[in-house]
>>> print(open('target.cif').read())   # mmCIF, C-alpha atoms
data_work
loop_
_atom_site.group_PDB
_atom_site.id
_atom_site.type_symbol
_atom_site.label_atom_id
_atom_site.label_comp_id
_atom_site.auth_asym_id
_atom_site.auth_seq_id
_atom_site.Cartn_x
_atom_site.Cartn_y
_atom_site.Cartn_z
ATOM 1 C CA MET A 1 0.000 0.000 0.000
ATOM 2 C CA LEU A 2 1.964 2.973 -1.321
ATOM 3 C CA ILE A 3 0.093 6.249 -0.770
ATOM 4 C CA THR A 4 0.762 9.967 -0.525
ATOM 5 C CA MET A 5 1.849 11.774 2.628
ATOM 6 C CA LYS A 6 -1.460 13.627 2.667
ATOM 7 C CA GLU A 7 -3.396 10.348 2.702
ATOM 8 C CA LEU A 8 -1.086 8.761 5.262
ATOM 9 C CA LEU A 9 -1.274 11.632 7.760
ATOM 10 C CA LYS A 10 -5.024 12.189 7.348
ATOM 11 C CA VAL A 11 -5.751 8.897 9.104
ATOM 12 C CA ALA A 12 -3.025 9.538 11.696
ATOM 13 C CA SER A 13 -4.633 12.882 12.491
ATOM 14 C CA GLU A 14 -8.107 11.380 12.832
ATOM 15 C CA HIS A 15 -6.834 8.723 15.258
ATOM 16 C CA HIS A 16 -4.236 10.807 17.115
ATOM 17 C CA PHE A 17 -0.955 9.041 16.437
ATOM 18 C CA THR A 18 2.333 10.030 14.833
ATOM 19 C CA ILE A 19 4.165 8.338 11.959
ATOM 20 C CA GLY A 20 7.928 7.929 11.772
ATOM 21 C CA ALA A 21 9.897 8.938 8.692
ATOM 22 C CA PHE A 22 13.059 6.837 8.613
ATOM 23 C CA ASN A 23 15.817 7.852 6.210
ATOM 24 C CA VAL A 24 17.215 4.927 4.224
ATOM 25 C CA THR A 25 20.443 5.061 2.241
ATOM 26 C CA GLU A 26 20.687 1.544 0.872
ATOM 27 C CA VAL A 27 19.179 -1.952 1.061
ATOM 28 C CA SER A 28 20.150 -2.890 4.630
ATOM 29 C CA ASN A 29 18.731 0.409 5.944
ATOM 30 C CA PHE A 30 15.534 -0.159 4.009
ATOM 31 C CA LYS A 31 15.184 -3.741 5.249
ATOM 32 C CA CYS A 32 15.620 -2.599 8.870
ATOM 33 C CA VAL A 33 12.713 -0.189 8.578
ATOM 34 C CA PHE A 34 10.492 -2.193 6.232
ATOM 35 C CA GLU A 35 10.750 -5.486 8.111
ATOM 36 C CA THR A 36 10.065 -3.778 11.445
ATOM 37 C CA ALA A 37 7.035 -1.968 10.033
ATOM 38 C CA GLU A 38 5.719 -5.235 8.604
ATOM 39 C CA GLU A 39 6.167 -7.080 11.893
ATOM 40 C CA LEU A 40 4.527 -4.312 13.935
ATOM 41 C CA GLN A 41 1.850 -3.402 11.359
ATOM 42 C CA ALA A 42 2.952 0.213 11.669
ATOM 43 C CA PRO A 43 2.241 2.823 8.966
ATOM 44 C CA THR A 44 5.641 4.177 7.952
ATOM 45 C CA ILE A 45 7.346 6.804 5.833
ATOM 46 C CA ILE A 46 10.380 5.637 3.872
ATOM 47 C CA ALA A 47 12.442 8.799 3.525
ATOM 48 C CA VAL A 48 15.402 9.449 1.255
ATOM 49 C CA ALA A 49 17.527 12.571 1.696
ATOM 50 C CA ALA A 50 18.696 14.450 -1.382
ATOM 51 C CA ASN A 51 22.290 13.258 -0.984
ATOM 52 C CA GLU A 52 21.001 9.696 -0.585
ATOM 53 C CA LEU A 53 19.037 10.146 -3.797
ATOM 54 C CA ASP A 54 22.381 10.980 -5.419
ATOM 55 C CA PHE A 55 23.938 7.797 -3.997
ATOM 56 C CA CYS A 56 21.464 5.237 -5.369
ATOM 57 C CA GLU A 57 20.371 4.672 -8.953
ATOM 58 C CA LYS A 58 16.738 4.624 -10.059
ATOM 59 C CA GLU A 59 16.663 0.799 -10.158
ATOM 60 C CA TYR A 60 17.012 0.791 -6.366
ATOM 61 C CA TYR A 61 13.810 2.798 -6.011
ATOM 62 C CA GLN A 62 12.015 0.390 -8.355
ATOM 63 C CA TYR A 63 12.873 -2.343 -5.859
ATOM 64 C CA VAL A 64 11.710 -0.186 -2.929
ATOM 65 C CA ARG A 65 8.447 0.737 -4.667
ATOM 66 C CA GLU A 66 7.692 -2.889 -5.496
ATOM 67 C CA LYS A 67 8.153 -3.934 -1.865
ATOM 68 C CA LEU A 68 5.937 -1.111 -0.604
ATOM 69 C CA MET A 69 3.220 -1.579 -3.216
ATOM 70 C CA ASN A 70 2.944 -5.294 -2.488
ATOM 71 C CA SER A 71 2.570 -4.778 1.258
ATOM 72 C CA GLN A 72 -0.666 -4.485 3.219
ATOM 73 C CA VAL A 73 0.970 -1.934 5.534
ATOM 74 C CA PRO A 74 0.511 1.694 4.361
ATOM 75 C CA TYR A 75 3.694 3.489 3.303
ATOM 76 C CA CYS A 76 4.765 6.772 1.779
ATOM 77 C CA LEU A 77 7.994 7.129 -0.218
ATOM 78 C CA HIS A 78 9.294 10.605 0.570
ATOM 79 C CA LEU A 79 12.142 12.856 -0.560
ATOM 80 C CA ASP A 80 13.680 14.520 2.497
ATOM 81 C CA HIS A 81 15.298 17.977 2.241
ATOM 82 C CA GLY A 82 15.090 18.457 -1.501
ATOM 83 C CA ARG A 83 17.483 21.250 -2.401
ATOM 84 C CA SER A 84 15.909 22.330 -5.665
ATOM 85 C CA LEU A 85 13.112 21.778 -8.156
ATOM 86 C CA GLN A 86 15.459 19.370 -9.943
ATOM 87 C CA ASP A 87 15.808 17.206 -6.816
ATOM 88 C CA CYS A 88 12.038 17.063 -6.435
ATOM 89 C CA LEU A 89 11.493 16.195 -10.092
ATOM 90 C CA ARG A 90 14.080 13.402 -9.917
ATOM 91 C CA ALA A 91 12.273 11.914 -6.937
ATOM 92 C CA ILE A 92 8.886 12.197 -8.654
ATOM 93 C CA GLN A 93 10.284 10.502 -11.759
ATOM 94 C CA ALA A 94 11.621 7.702 -9.519
ATOM 95 C CA GLY A 95 8.102 7.097 -8.202
ATOM 96 C CA PHE A 96 8.133 8.961 -4.887
ATOM 97 C CA THR A 97 4.678 9.858 -3.548
ATOM 98 C CA SER A 98 5.846 12.850 -1.509
ATOM 99 C CA VAL A 99 8.643 15.411 -1.728
ATOM 100 C CA MET A 100 10.049 18.004 0.621
ATOM 101 C CA PHE A 101 11.528 21.249 -0.607
ATOM 102 C CA ASP A 102 13.699 22.804 2.091
ATOM 103 C CA GLY A 103 13.751 26.535 1.431
ATOM 104 C CA SER A 104 14.313 27.393 5.092
ATOM 105 C CA HIS A 105 17.744 28.874 4.333
ATOM 106 C CA LEU A 106 16.257 31.282 1.786
ATOM 107 C CA PRO A 107 14.722 34.707 2.418
ATOM 108 C CA TYR A 108 11.061 34.244 3.357
ATOM 109 C CA GLU A 109 9.531 35.433 0.074
ATOM 110 C CA GLU A 110 11.910 33.278 -1.980
ATOM 111 C CA ASN A 111 11.130 30.259 0.195
ATOM 112 C CA VAL A 112 7.430 30.883 -0.463
ATOM 113 C CA ALA A 113 7.884 31.345 -4.221
ATOM 114 C CA GLN A 114 9.998 28.243 -4.799
ATOM 115 C CA THR A 115 7.900 26.015 -2.539
ATOM 116 C CA LYS A 116 4.706 27.192 -4.268
ATOM 117 C CA ALA A 117 6.139 26.407 -7.713
ATOM 118 C CA ILE A 118 7.069 22.882 -6.641
ATOM 119 C CA ALA A 119 3.686 22.295 -5.003
ATOM 120 C CA GLN A 120 1.847 23.358 -8.155
ATOM 121 C CA ILE A 121 3.775 20.824 -10.225
ATOM 122 C CA ALA A 122 3.618 17.979 -7.685
ATOM 123 C CA HIS A 123 -0.091 18.342 -7.014
ATOM 124 C CA CYS A 124 -0.845 17.920 -10.716
ATOM 125 C CA ILE A 125 0.344 14.322 -10.447
ATOM 126 C CA ASN A 126 -0.941 13.579 -6.923
ATOM 127 C CA VAL A 127 2.371 13.941 -5.095
ATOM 128 C CA SER A 128 2.347 15.541 -1.642
ATOM 129 C CA VAL A 129 4.668 18.410 -0.714
ATOM 130 C CA GLU A 130 6.332 19.293 2.574
ATOM 131 C CA GLY A 131 7.757 22.741 3.232
ATOM 132 C CA GLU A 132 9.912 24.080 6.050
ATOM 133 C CA LEU A 133 9.552 27.295 7.991
ATOM 134 C CA GLY A 134 12.257 28.134 10.481
ATOM 135 C CA THR A 135 15.592 26.315 10.601
ATOM 136 C CA ILE A 136 16.376 23.014 12.326
ATOM 137 C CA GLY A 137 19.751 22.963 14.084
ATOM 138 C CA ASN A 138 22.732 20.740 13.312
ATOM 139 C CA THR A 139 24.708 18.885 15.986
ATOM 140 C CA GLY A 140 27.768 18.827 13.743
ATOM 141 C CA ASN A 141 27.444 15.278 12.397
ATOM 142 C CA SER A 142 24.680 15.774 9.844
ATOM 143 C CA ASP A 143 24.501 17.175 6.324
ATOM 144 C CA GLU A 144 21.202 18.920 7.080
ATOM 145 C CA GLY A 145 20.121 21.876 9.184
ATOM 146 C CA GLY A 146 21.840 25.077 10.161
ATOM 147 C CA ALA A 147 24.442 26.095 12.716
ATOM 148 C CA ASP A 148 21.727 27.624 14.889
ATOM 149 C CA ILE A 149 18.029 26.979 15.393
ATOM 150 C CA VAL A 150 15.758 29.678 13.955
ATOM 151 C CA TYR A 151 12.417 29.058 15.612
ATOM 152 C CA THR A 152 9.260 28.994 13.518
ATOM 153 C CA GLN A 153 7.106 32.078 14.028
ATOM 154 C CA PRO A 154 3.384 31.278 14.392
ATOM 155 C CA GLU A 155 2.371 34.513 12.676
ATOM 156 C CA GLU A 156 4.172 33.382 9.507
ATOM 157 C CA VAL A 157 2.636 29.902 9.416
ATOM 158 C CA VAL A 158 -0.817 30.900 8.168
ATOM 159 C CA ASP A 159 0.631 33.112 5.434
ATOM 160 C CA TYR A 160 3.179 30.496 4.350
ATOM 161 C CA VAL A 161 0.668 27.650 4.150
ATOM 162 C CA ALA A 162 -1.882 29.759 2.275
ATOM 163 C CA LYS A 163 0.623 31.044 -0.273
ATOM 164 C CA THR A 164 2.520 27.789 -0.924
ATOM 165 C CA GLY A 165 -0.276 25.203 -0.767
ATOM 166 C CA VAL A 166 1.953 22.679 1.035
ATOM 167 C CA ASP A 167 0.403 19.535 2.506
ATOM 168 C CA THR A 168 2.702 19.320 5.532
ATOM 169 C CA LEU A 169 4.956 21.777 7.335
ATOM 170 C CA ALA A 170 8.283 21.127 9.058
ATOM 171 C CA ILE A 171 8.748 23.466 12.002
ATOM 172 C CA ALA A 172 11.660 24.403 14.255
ATOM 173 C CA ILE A 173 10.843 24.038 17.957
ATOM 174 C CA GLY A 174 14.218 23.039 19.401
ATOM 175 C CA THR A 175 15.520 19.948 17.600
ATOM 176 C CA SER A 176 18.727 19.477 15.627
ATOM 177 C CA HIS A 177 19.805 17.007 12.972
ATOM 178 C CA GLY A 178 22.336 14.336 13.895
ATOM 179 C CA LEU A 179 23.424 12.804 17.206
ATOM 180 C CA TYR A 180 23.578 15.015 20.283
ATOM 181 C CA PRO A 181 26.761 15.110 22.405
ATOM 182 C CA GLU A 182 26.718 12.683 25.324
ATOM 183 C CA GLY A 183 24.894 14.173 28.282
ATOM 184 C CA PHE A 184 23.137 16.893 26.258
ATOM 185 C CA LYS A 185 19.367 16.960 26.622
ATOM 186 C CA PRO A 186 17.483 18.921 23.946
ATOM 187 C CA VAL A 187 14.313 20.657 25.117
ATOM 188 C CA LEU A 188 11.322 20.972 22.831
ATOM 189 C CA GLN A 189 9.524 24.311 22.960
ATOM 190 C CA LEU A 190 6.078 22.815 23.524
ATOM 191 C CA ASP A 191 4.464 26.178 24.221
ATOM 192 C CA LEU A 192 5.637 27.361 20.808
ATOM 193 C CA LEU A 193 4.195 24.182 19.274
ATOM 194 C CA LYS A 194 0.843 24.924 20.918
ATOM 195 C CA ARG A 195 0.864 28.439 19.480
ATOM 196 C CA ILE A 196 1.615 27.092 16.001
ATOM 197 C CA ARG A 197 -1.107 24.458 16.273
ATOM 198 C CA ALA A 198 -3.576 27.115 17.411
ATOM 199 C CA VAL A 199 -3.230 29.084 14.156
ATOM 200 C CA SER A 200 -3.167 26.206 11.646
ATOM 201 C CA ASP A 201 -4.448 22.644 11.331
ATOM 202 C CA ILE A 202 -1.859 21.604 8.719
ATOM 203 C CA PRO A 203 0.010 18.354 9.627
ATOM 204 C CA LEU A 204 3.177 19.391 11.454
ATOM 205 C CA VAL A 205 6.556 17.707 11.056
ATOM 206 C CA LEU A 206 9.403 17.414 13.562
ATOM 207 C CA HIS A 207 12.848 16.885 12.071
ATOM 208 C CA GLY A 208 15.774 15.752 14.201
ATOM 209 C CA GLY A 209 13.969 12.923 15.977
ATOM 210 C CA SER A 210 17.141 11.084 17.023
ATOM 211 C CA GLY A 211 18.068 11.279 20.696
ATOM 212 C CA GLN A 212 14.894 13.040 21.801
ATOM 213 C CA ASP A 213 13.329 12.477 25.216
ATOM 214 C CA ASP A 214 10.473 9.981 24.806
ATOM 215 C CA GLU A 215 8.046 11.842 27.063
ATOM 216 C CA GLN A 216 8.629 15.146 25.283
ATOM 217 C CA VAL A 217 8.003 13.409 21.965
ATOM 218 C CA ARG A 218 4.758 11.925 23.281
ATOM 219 C CA GLN A 219 3.631 15.361 24.429
ATOM 220 C CA ALA A 220 4.527 16.874 21.047
ATOM 221 C CA SER A 221 2.517 14.142 19.327
ATOM 222 C CA LYS A 222 -0.524 14.890 21.490
ATOM 223 C CA ILE A 223 -0.286 18.600 20.693
ATOM 224 C CA GLY A 224 -0.099 18.106 16.952
ATOM 225 C CA ILE A 225 3.155 16.669 15.554
ATOM 226 C CA GLN A 226 2.105 13.998 13.072
ATOM 227 C CA LYS A 227 5.403 13.091 11.395
ATOM 228 C CA ILE A 228 8.794 12.691 13.079
ATOM 229 C CA ASN A 229 12.026 12.147 11.170
ATOM 230 C CA VAL A 230 14.600 9.647 12.432
ATOM 231 C CA ALA A 231 17.906 8.714 10.811
ATOM 232 C CA SER A 232 21.088 9.059 12.880
ATOM 233 C CA GLU A 233 19.951 7.076 15.921
ATOM 234 C CA TYR A 234 19.033 3.831 14.188
ATOM 235 C CA LYS A 235 21.872 4.080 11.660
ATOM 236 C CA ALA A 236 24.369 4.591 14.485
ATOM 237 C CA ALA A 237 23.040 1.478 16.254
ATOM 238 C CA TYR A 238 23.558 -0.508 13.057
ATOM 239 C CA SER A 239 27.031 0.905 12.354
ATOM 240 C CA TYR A 240 28.368 0.562 15.891
ATOM 241 C CA GLU A 241 27.158 -3.027 16.210
ATOM 242 C CA LEU A 242 28.565 -4.012 12.811
ATOM 243 C CA ASN A 243 31.907 -2.441 13.707
ATOM 244 C CA ARG A 244 31.939 -4.229 17.081
ATOM 245 C CA ILE A 245 31.221 -7.632 15.526
ATOM 246 C CA ILE A 246 33.852 -7.290 12.805
ATOM 247 C CA THR A 247 36.457 -5.952 15.269
ATOM 248 C CA GLU A 248 35.885 -8.738 17.785
ATOM 249 C CA THR A 249 35.375 -11.710 15.445
ATOM 250 C CA LYS A 250 37.344 -10.626 12.351
ATOM 251 C CA ASP A 251 34.371 -12.021 10.414
ATOM 252 C CA PHE A 252 33.834 -9.981 7.264
ATOM 253 C CA LYS A 253 31.120 -12.206 5.730
ATOM 254 C CA PHE A 254 28.321 -9.681 5.467
ATOM 255 C CA ALA A 255 25.581 -12.290 5.088
ATOM 256 C CA ILE A 256 26.418 -13.293 8.667
ATOM 257 C CA THR A 257 27.426 -10.002 10.279
ATOM 258 C CA MET A 258 24.889 -7.618 8.733
ATOM 259 C CA PRO A 259 21.723 -9.329 10.039
ATOM 260 C CA LYS A 260 23.147 -9.068 13.579
ATOM 261 C CA ALA A 261 23.809 -5.363 13.121
ATOM 262 C CA MET A 262 20.371 -4.931 11.583
ATOM 263 C CA ALA A 263 18.817 -6.413 14.721
ATOM 264 C CA ALA A 264 20.298 -3.553 16.753
ATOM 265 C CA ALA A 265 18.886 -0.995 14.323
ATOM 266 C CA LYS A 266 15.481 -2.687 14.267
ATOM 267 C CA ALA A 267 15.285 -2.405 18.049
ATOM 268 C CA VAL A 268 15.671 1.374 17.763
ATOM 269 C CA VAL A 269 13.082 1.593 14.982
ATOM 270 C CA ALA A 270 10.609 -0.499 16.996
ATOM 271 C CA HIS A 271 11.142 1.674 20.077
ATOM 272 C CA LYS A 272 10.469 4.834 18.079
ATOM 273 C CA MET A 273 7.309 3.356 16.587
ATOM 274 C CA ASN A 274 6.113 2.501 20.084
ATOM 275 C CA VAL A 275 6.733 6.064 21.286
ATOM 276 C CA PHE A 276 4.946 7.453 18.216
ATOM 277 C CA GLY A 277 1.915 5.271 18.919
ATOM 278 C CA CYS A 278 1.665 3.906 15.369
ATOM 279 C CA ILE A 279 2.056 0.176 16.104
ATOM 280 C CA ASP A 280 -0.900 -1.977 14.962
ATOM 281 C CA LYS A 281 -2.510 0.977 13.165
ATOM 282 C CA ALA A 282 -2.358 -0.422 9.621
ATOM 283 C CA TYR A 283 -5.941 -1.726 9.855
ATOM 284 C CA LEU A 284 -7.260 1.842 10.198
ATOM 285 C CA TYR A 285 -6.364 2.496 6.562
ATOM 286 C CA TYR A 286 -8.521 -0.415 5.411
ATOM 287 C CA GLU A 287 -11.430 1.046 7.372
ATOM 288 C CA ASN A 288 -10.788 4.461 5.830
ATOM 289 C CA LEU A 289 -10.687 2.937 2.335
ATOM 290 C CA ARG A 290 -13.907 1.017 2.976
ATOM 291 C CA ARG A 291 -15.672 4.185 4.156
ATOM 292 C CA GLY A 292 -14.554 5.912 0.973
ATOM 293 C CA GLU A 293 -15.916 3.111 -1.202
ATOM 294 C CA GLU A 294 -19.233 3.127 0.641
ATOM 295 C CA ALA A 295 -19.530 6.895 0.230
#
>>> encode(input="target.cif", output="C-alpha cells")
Amino acid sequence: MLITMKELLKVASEHHFTIGAFNVTEVSNFKCVFETAEELQAPTIIAVAANELDFCEKEYYQYVREKLMNSQVPYCLHLDHGRSLQDCLRAIQAGFTSVMFDGSHLPYEENVAQTKAIAQIAHCINVSVEGELGTIGNTGNSDEGGADIVYTQPEEVVDYVAKTGVDTLAIAIGTSHGLYPEGFKPVLQLDLLKRIRAVSDIPLVLHGGSGQDDEQVRQASKIGIQKINVASEYKAAYSYELNRIITETKDFKFAITMPKAMAAAKAVVAHKMNVFGCIDKAYLYYENLRRGEEA
C-alpha cells in the first residue's frame, strides 16, 4: 500500500498518532525499517535525503516501490530535504509519492515562491509536498540543518501555508539534525508548538527525531506533531554493532554479520514506533478505504 503523505497523515490525524519517517540510504537500511514496520503493522514513511538520492540509482527505487506496493501496511515514499526543483522532479520521476523542498535557508519570500512552484507541479500528479519554515539545528554530524536553530514564528505559518499550498509543514521548535553530544538533553519548545497548532491545522513535522526524550516526543505528538524524522539514531546502532562484531570476530562475511547489526537498528526503529503510537494501526487504513468506497 503505497500512498501519498497527505493520505497517510489524514488517518493519523483522525486517530491521534504520529508516523515515523526513517531515512534509508541503501538496502540494509531499508530492510531494517520495512521489516520492522511489517512485523509491527505500523504505517511508515520511507524517507530518502537528497544526498542519498544521489547515492542510489533509479533501479534501487524500483525495488523499494515494489516492496511497498505489495505490502498491506501503508507506506509513503518521501524525498527529504530536496534542495531544488530538480531534486524534487528526480524523486517524482523515480516514483516517490511525496517530496520536501527545504527553502528554510532562503529569504522568506523566496522560500514561499519556490515552494509554491514545486507544489503546483507535484499536485498535478498527486504527489504531496512538505515545506519548512524556520531552521532546524545541526549537531555537527549531519549534512542537514543550520548552525543555529531559527524558531518557527506562528504569525508566519498561516501566510506560508496559504501562499505555498503545502500539505505538511516542518517546524523548528528546538531539535537538531544528527546525534547530540553525550549528556546533552534537547528541550522541545512545547508552548511554541501549541501556538503554532492554534493558528493552523496543517500536519506538522518534527525533524531531528534522534536522541529526543520519549516523554517530550509523546507530548509533542498529542499537541499536533504527526510526522517525526529519524535517521542518525538507528543508523548509528547498526554501524556501531557491525563495527563491534567485525572488530571482535574478524568475520567480514556480510551475510552473517549484517543481520546481527540490523537487529540492533530494528530495536531502535521499533522503540520509536512505540513512542509514536503507530504500532498496529495499519488496519485503520482499510477502514478508511472502505468508508470511501461506501460513500
>>> residues_around(input="target.cif", residues="stretch 251-263 of chain A", least_positions_apart="2", cutoff="6 Å", atoms="all atoms listed in the file", output="JSON, numbers by chain")
{"A": [32, 238, 241, 242, 246, 249, 265, 266]}
>>> write_last_selection(input="target.cif", atoms="C-alpha atoms", output="PDB file, in the frame of the given file")
ATOM      1  CA  CYS A  32      15.620  -2.599   8.870  1.00  0.00           C
ATOM      2  CA  TYR A 238      23.558  -0.508  13.057  1.00  0.00           C
ATOM      3  CA  GLU A 241      27.158  -3.027  16.210  1.00  0.00           C
ATOM      4  CA  LEU A 242      28.565  -4.012  12.811  1.00  0.00           C
ATOM      5  CA  ILE A 246      33.852  -7.290  12.805  1.00  0.00           C
ATOM      6  CA  THR A 249      35.375 -11.710  15.445  1.00  0.00           C
ATOM      7  CA  ALA A 265      18.886  -0.995  14.323  1.00  0.00           C
ATOM      8  CA  LYS A 266      15.481  -2.687  14.267  1.00  0.00           C
TER       9      LYS A 266
END
>>> atom_distance(input="target.cif", atom1="atom CA of A:Leu79", atom2="atom CA of A:Asn29")
15.5 Å
>>> closest_residue(input="target.cif", among="A:Lys163, A:His78, A:His271, A:Lys235", to="A:Ala113", atoms="only C-alpha atoms")
A:Lys163
>>> atom_distance(input="target.cif", atom1="atom CA of A:Ala50", atom2="atom CA of A:Gln114")
16.7 Å
>>> atom_distance(input="target.cif", atom1="atom CA of A:Tyr151", atom2="atom CA of A:Leu133")
8.3 Å
>>> decode(input="target.cif", residues="stretch 39-56 of chain A", atoms="N, CA, C and O atoms", output="compact mmCIF listing (two decimals), in the first residue's frame")
# COMPACT_ATOMS: atom_id res chain seq x y z
N GLU A 39 6.38 -6.29 10.67
CA GLU A 39 6.17 -7.08 11.89
C GLU A 39 5.20 -6.39 12.85
O GLU A 39 4.34 -7.04 13.46
N LEU A 40 5.32 -5.07 12.97
CA LEU A 40 4.53 -4.31 13.93
C LEU A 40 3.26 -3.72 13.34
O LEU A 40 2.50 -3.06 14.05
N GLN A 41 3.04 -3.95 12.02
CA GLN A 41 1.85 -3.40 11.36
C GLN A 41 1.74 -1.90 11.61
O GLN A 41 0.67 -1.38 11.97
N ALA A 42 2.86 -1.21 11.39
CA ALA A 42 2.95 0.21 11.67
C ALA A 42 3.05 1.02 10.38
O ALA A 42 3.99 0.83 9.60
N PRO A 43 2.10 1.92 10.11
CA PRO A 43 2.24 2.82 8.97
C PRO A 43 3.58 3.56 9.05
O PRO A 43 3.97 4.01 10.13
N THR A 44 4.26 3.69 7.92
CA THR A 44 5.64 4.18 7.95
C THR A 44 5.96 5.01 6.72
O THR A 44 5.44 4.75 5.64
N ILE A 45 6.84 5.98 6.93
CA ILE A 45 7.35 6.80 5.83
C ILE A 45 8.78 6.38 5.54
O ILE A 45 9.64 6.43 6.43
N ILE A 46 9.03 5.94 4.32
CA ILE A 46 10.38 5.64 3.87
C ILE A 46 10.93 6.92 3.27
O ILE A 46 10.46 7.39 2.23
N ALA A 47 11.91 7.50 3.95
CA ALA A 47 12.44 8.80 3.53
C ALA A 47 13.83 8.64 2.92
O ALA A 47 14.62 7.78 3.35
N VAL A 48 14.11 9.46 1.94
CA VAL A 48 15.40 9.45 1.26
C VAL A 48 15.87 10.90 1.15
O VAL A 48 15.19 11.72 0.54
N ALA A 49 16.99 11.22 1.78
CA ALA A 49 17.53 12.57 1.70
C ALA A 49 18.09 12.83 0.31
O ALA A 49 18.40 11.89 -0.44
N ALA A 50 18.24 14.10 -0.03
CA ALA A 50 18.70 14.45 -1.38
C ALA A 50 20.06 13.84 -1.69
O ALA A 50 20.28 13.35 -2.80
N ASN A 51 20.97 13.84 -0.72
CA ASN A 51 22.29 13.26 -0.98
C ASN A 51 22.21 11.73 -1.10
O ASN A 51 23.01 11.11 -1.79
N GLU A 52 21.22 11.14 -0.44
CA GLU A 52 21.00 9.70 -0.59
C GLU A 52 20.39 9.39 -1.95
O GLU A 52 20.68 8.34 -2.54
N LEU A 53 19.58 10.29 -2.44
CA LEU A 53 19.04 10.15 -3.80
C LEU A 53 20.17 10.15 -4.81
O LEU A 53 20.14 9.42 -5.81
N ASP A 54 21.20 10.95 -4.56
CA ASP A 54 22.38 10.98 -5.42
C ASP A 54 23.13 9.64 -5.39
O ASP A 54 23.70 9.21 -6.39
N PHE A 55 23.13 8.99 -4.22
CA PHE A 55 23.94 7.80 -4.00
C PHE A 55 23.40 6.58 -4.75
O PHE A 55 24.17 5.78 -5.29
N CYS A 56 22.07 6.43 -4.77
CA CYS A 56 21.46 5.24 -5.37
C CYS A 56 20.92 5.53 -6.77
O CYS A 56 20.47 6.64 -7.04
